[in-house]
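Asks: Pasting upload-v4.pdb here (PDB, C-alpha atoms):
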```pdb
MODEL        1
ATOM      1  CA  MET A   1       0.000   0.000   0.000
ATOM      2  CA  GLU A   2       1.344   3.384  -0.971
ATOM      3  CA  ILE A   3       1.184   6.123   1.610
ATOM      4  CA  ASP A   4       1.052   9.797   0.616
ATOM      5  CA  PRO A   5       3.343  11.614   3.076
ATOM      6  CA  ALA A   6       1.615  14.912   2.210
ATOM      7  CA  LEU A   7      -1.611  13.673   3.869
ATOM      8  CA  PRO A   8      -1.848  13.481   7.689
ATOM      9  CA  TRP A   9      -3.130   9.875   7.772
ATOM     10  CA  GLY A  10      -1.311   8.824   4.591
ATOM     11  CA  ILE A  11      -4.523   8.636   2.510
ATOM     12  CA  ALA A  12      -7.394  11.003   1.731
ATOM     13  CA  ILE A  13     -10.008  10.773   4.493
ATOM     14  CA  ASP A  14     -13.472  12.339   4.073
ATOM     15  CA  TYR A  15     -15.115  14.673   6.592
ATOM     16  CA  ALA A  16     -16.564  11.694   8.512
ATOM     17  CA  GLY A  17     -13.207   9.909   8.806
ATOM     18  CA  ARG A  18     -13.888   7.381   6.036
ATOM     19  CA  ALA A  19     -11.918   6.208   3.033
ATOM     20  CA  THR A  20     -11.809   3.279   0.637
ATOM     21  CA  VAL A  21      -8.595   1.663  -0.577
ATOM     22  CA  THR A  22      -7.808  -1.282  -2.818
ATOM     23  CA  GLU A  23      -5.066  -3.633  -1.704
ATOM     24  CA  ALA A  24      -4.209  -7.182  -2.825
ATOM     25  CA  GLY A  25      -7.349  -7.270  -4.972
ATOM     26  CA  HIS A  26      -9.686  -6.377  -2.098
ATOM     27  CA  THR A  27     -11.632  -3.161  -1.501
ATOM     28  CA  LEU A  28     -11.175  -2.148   2.125
ATOM     29  CA  HIS A  29     -13.265   0.362   4.039
ATOM     30  CA  ILE A  30     -11.248   2.588   6.351
ATOM     31  CA  ASN A  31     -12.593   4.505   9.342
ATOM     32  CA  VAL A  32     -10.639   6.957  11.493
ATOM     33  CA  SER A  33     -12.475   7.990  14.677
ATOM     34  CA  ASP A  34     -11.722   9.064  18.206
ATOM     35  CA  THR A  35     -12.974   6.936  21.069
ATOM     36  CA  SER A  36     -14.783   9.676  22.954
ATOM     37  CA  LEU A  37     -18.543   9.928  23.175
ATOM     38  CA  SER A  38     -18.472  13.660  22.542
ATOM     39  CA  SER A  39     -18.753  15.534  19.269
ATOM     40  CA  VAL A  40     -16.355  18.160  20.664
ATOM     41  CA  ILE A  41     -12.666  17.397  20.325
ATOM     42  CA  GLY A  42     -11.139  18.280  23.647
ATOM     43  CA  PRO A  43      -9.715  16.782  26.814
ATOM     44  CA  ASP A  44     -11.941  14.522  28.873
ATOM     45  CA  SER A  45     -13.546  16.505  31.699
ATOM     46  CA  ILE A  46     -12.596  13.873  34.299
ATOM     47  CA  THR A  47      -9.127  12.695  33.245
ATOM     48  CA  GLY A  48      -7.987  15.842  31.435
ATOM     49  CA  THR A  49      -6.543  13.754  28.585
ATOM     50  CA  TYR A  50      -7.530  13.488  24.945
ATOM     51  CA  SER A  51      -9.126  10.310  23.619
ATOM     52  CA  PRO A  52      -7.183   7.807  21.520
ATOM     53  CA  VAL A  53      -8.020   7.447  17.829
ATOM     54  CA  ASN A  54      -8.971   4.104  16.271
ATOM     55  CA  VAL A  55      -8.090   3.354  12.661
ATOM     56  CA  THR A  56     -10.043   0.375  11.334
ATOM     57  CA  ALA A  57      -9.880  -1.463   8.019
ATOM     58  CA  GLU A  58     -12.607  -3.936   7.079
ATOM     59  CA  PHE A  59     -13.754  -5.905   4.046
ATOM     60  CA  SER A  60     -15.652  -9.031   3.103
ATOM     61  CA  GLU A  61     -15.711 -11.348   0.127
ATOM     62  CA  SER A  62     -18.721 -13.454  -0.876
ATOM     63  CA  GLY A  63     -18.628 -16.882  -2.426
ATOM     64  CA  ALA A  64     -21.008 -19.590  -3.566
ATOM     65  CA  ARG A  65     -24.095 -20.520  -1.547
ATOM     66  CA  GLY A  66     -23.903 -17.476   0.721
ATOM     67  CA  ALA A  67     -20.383 -18.065   2.019
ATOM     68  CA  VAL A  68     -18.816 -14.832   3.315
ATOM     69  CA  LEU A  69     -15.337 -14.342   4.714
ATOM     70  CA  ARG A  70     -14.324 -11.130   6.422
ATOM     71  CA  GLY A  71     -11.107  -9.419   7.336
ATOM     72  CA  SER A  72     -10.719  -6.671   9.889
ATOM     73  CA  GLY A  73      -7.836  -4.813  11.446
ATOM     74  CA  ARG A  74      -7.597  -2.041  14.008
ATOM     75  CA  VAL A  75      -4.774   0.224  15.111
ATOM     76  CA  THR A  76      -5.138   2.539  18.106
ATOM     77  CA  VAL A  77      -3.155   5.776  18.073
ATOM     78  CA  LEU A  78      -2.623   7.188  21.557
ATOM     79  CA  PRO A  79      -2.269  10.875  22.390
ATOM     80  CA  ASP A  80       1.241  12.107  23.011
ATOM     81  CA  GLY A  81       1.462  13.570  26.495
ATOM     82  CA  SER A  82      -1.349  15.967  27.352
ATOM     83  CA  GLY A  83      -2.057  17.006  23.752
ATOM     84  CA  PRO A  84      -4.422  15.526  21.184
ATOM     85  CA  VAL A  85      -3.533  12.600  18.933
ATOM     86  CA  VAL A  86      -1.038  13.444  16.217
ATOM     87  CA  PRO A  87      -1.962  11.745  12.916
ATOM     88  CA  ASP A  88       0.128   8.659  12.202
ATOM     89  CA  GLY A  89       0.791   8.259   8.486
ATOM     90  CA  THR A  90       1.417   4.507   8.912
ATOM     91  CA  ALA A  91      -1.704   3.654  10.964
ATOM     92  CA  VAL A  92      -3.917   3.013   7.921
ATOM     93  CA  GLN A  93      -1.214   0.867   6.329
ATOM     94  CA  ARG A  94      -0.910  -1.219   9.519
ATOM     95  CA  ALA A  95      -4.709  -1.586   9.858
ATOM     96  CA  VAL A  96      -4.946  -2.744   6.222
ATOM     97  CA  ALA A  97      -2.134  -5.277   6.782
ATOM     98  CA  ALA A  98      -3.946  -6.587   9.880
ATOM     99  CA  ALA A  99      -7.230  -6.916   7.940
ATOM    100  CA  LEU A 100      -5.531  -8.825   5.120
ATOM    101  CA  ALA A 101      -3.830 -11.142   7.645
ATOM    102  CA  ASP A 102      -7.156 -11.690   9.450
ATOM    103  CA  PHE A 103      -8.818 -12.544   6.126
ATOM    104  CA  GLN A 104      -6.056 -15.011   5.232
ATOM    105  CA  THR A 105      -6.492 -16.696   8.616
ATOM    106  CA  ALA A 106     -10.232 -17.003   7.935
ATOM    107  CA  VAL A 107      -9.523 -18.507   4.489
ATOM    108  CA  THR A 108      -7.124 -21.067   5.982
ATOM    109  CA  ASP A 109      -9.515 -21.963   8.814
ATOM    110  CA  TYR A 110     -12.483 -22.262   6.440
ATOM    111  CA  ALA A 111     -10.501 -24.516   4.084
ATOM    112  CA  ALA A 112      -9.492 -26.744   7.007
ATOM    113  CA  LEU A 113     -13.109 -26.955   8.167
ATOM    114  CA  CYS A 114     -14.294 -27.868   4.665
ATOM    115  CA  ALA A 115     -11.590 -30.537   4.355
ATOM    116  CA  ALA A 116     -12.596 -32.071   7.684
ATOM    117  CA  TRP A 117     -16.326 -32.097   6.911
ATOM    118  CA  PRO A 118     -17.480 -35.335   5.254
ATOM    119  CA  PRO A 119     -19.013 -34.872   1.793
ATOM    120  CA  ALA A 120     -22.753 -35.483   1.482
ATOM    121  CA  GLY A 121     -23.770 -38.883   0.131
TER     122      GLY A 121
ENDMDL
END
```
What would you get if you wrote out this structure as structure tokens?
Replies:
Amino acid sequence: MEIDPALPWGIAIDYAGRATVTEAGHTLHINVSDTSLSSVIGPDSITGTYSPVNVTAEFSESGARGAVLRGSGRVTVLPDGSGPVVPDGTAVQRAVAAALADFQTAVTDYAALCAAWPPAG
């Protein structure tokens, strides 16, 4: 996956923190969001610290007879000191790699399950 160093998160993110990328033949949906429950970006009123930011990458592939395999990856970017989170240009790349690895694990596990299941008849 190519990262654009001119962009804070390495890829173009829309106003809602979403993006779509294609990697290894899969279309992955990216979401960048803080973990607070508030719509105001600021320190937590109790702890005085800023919330971490989650970067998630998810996708699914469908097969015959309704079979669906999914891949998901998440990277959490923590605030540095008492300030807000600084964008990490590699977080999306790491979340995508985790989603692809998760998908490959699902493929391997599904193949092993199918091999162990006796054929009908």
Asks: Could you write out as a ChimeraX atom specification the residues that the PyMOL selection byres ((chain A and resi 73-90) around 9) matches in the shown file?
Replies: /A:3-5,7-11,34,41-43,48-58,71-72,91-102
Asks: Which one is closest to His26 of chain A: A:Asp14, A:Gly66, A:Glu61, A:Thr108? Count only C-alpha atoms.
Replies: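 Under the stated criterion, the closest residue is A:Glu61.
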Asks: Using all atoms listed in the file, which protein or nucleic acid residues come within 9 Å of Ala16 of chain A? Drop anything in the same chain fewer than 3 positions from it, and give the result as JSON, numbers by chain.
Replies: {"A": [13, 31, 32, 33]}
Asks: One decimal, in Å: what's the spacing between atom CA of Ala24 of chain A and atom CA of Ala116 of chain A?
Replies: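 Going from atom CA of Ala24 of chain A over to atom CA of Ala116 of chain A, I get 28.3 Å.
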Asks: Interatomic distance between atom CA of Leu28 of chain A and atom CA of Gln104 of chain A?
Replies: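 Atom-to-atom, atom CA of Leu28 of chain A and atom CA of Gln104 of chain A are spaced 14.2 Å apart.
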Asks: Report the distance between atom CA of Thr27 of chain A and atom CA of Phe59 of chain A in Å, rounded to one decimal place.
Replies: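 Rounded to one decimal, the two atoms are 6.5 Å apart.
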Asks: Of the residues A:Ile46, A:Ile30, A:Ala111, A:Leu37, which is the one nearest to Ala67 of chain A, using all atoms listed in the file?
Replies: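 Among A:Ile46, A:Ile30, A:Ala111, A:Leu37, it is A:Ala111 that comes nearest to Ala67 of chain A.
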Asks: I'd like to know which of A:Thr47, A:Val40, A:Val21, A:Val107 is closest to Gly63 of chain A, using all atoms listed in the file.
Replies: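 Looking at the shortest contact to Gly63 of chain A, the residue is A:Val107.
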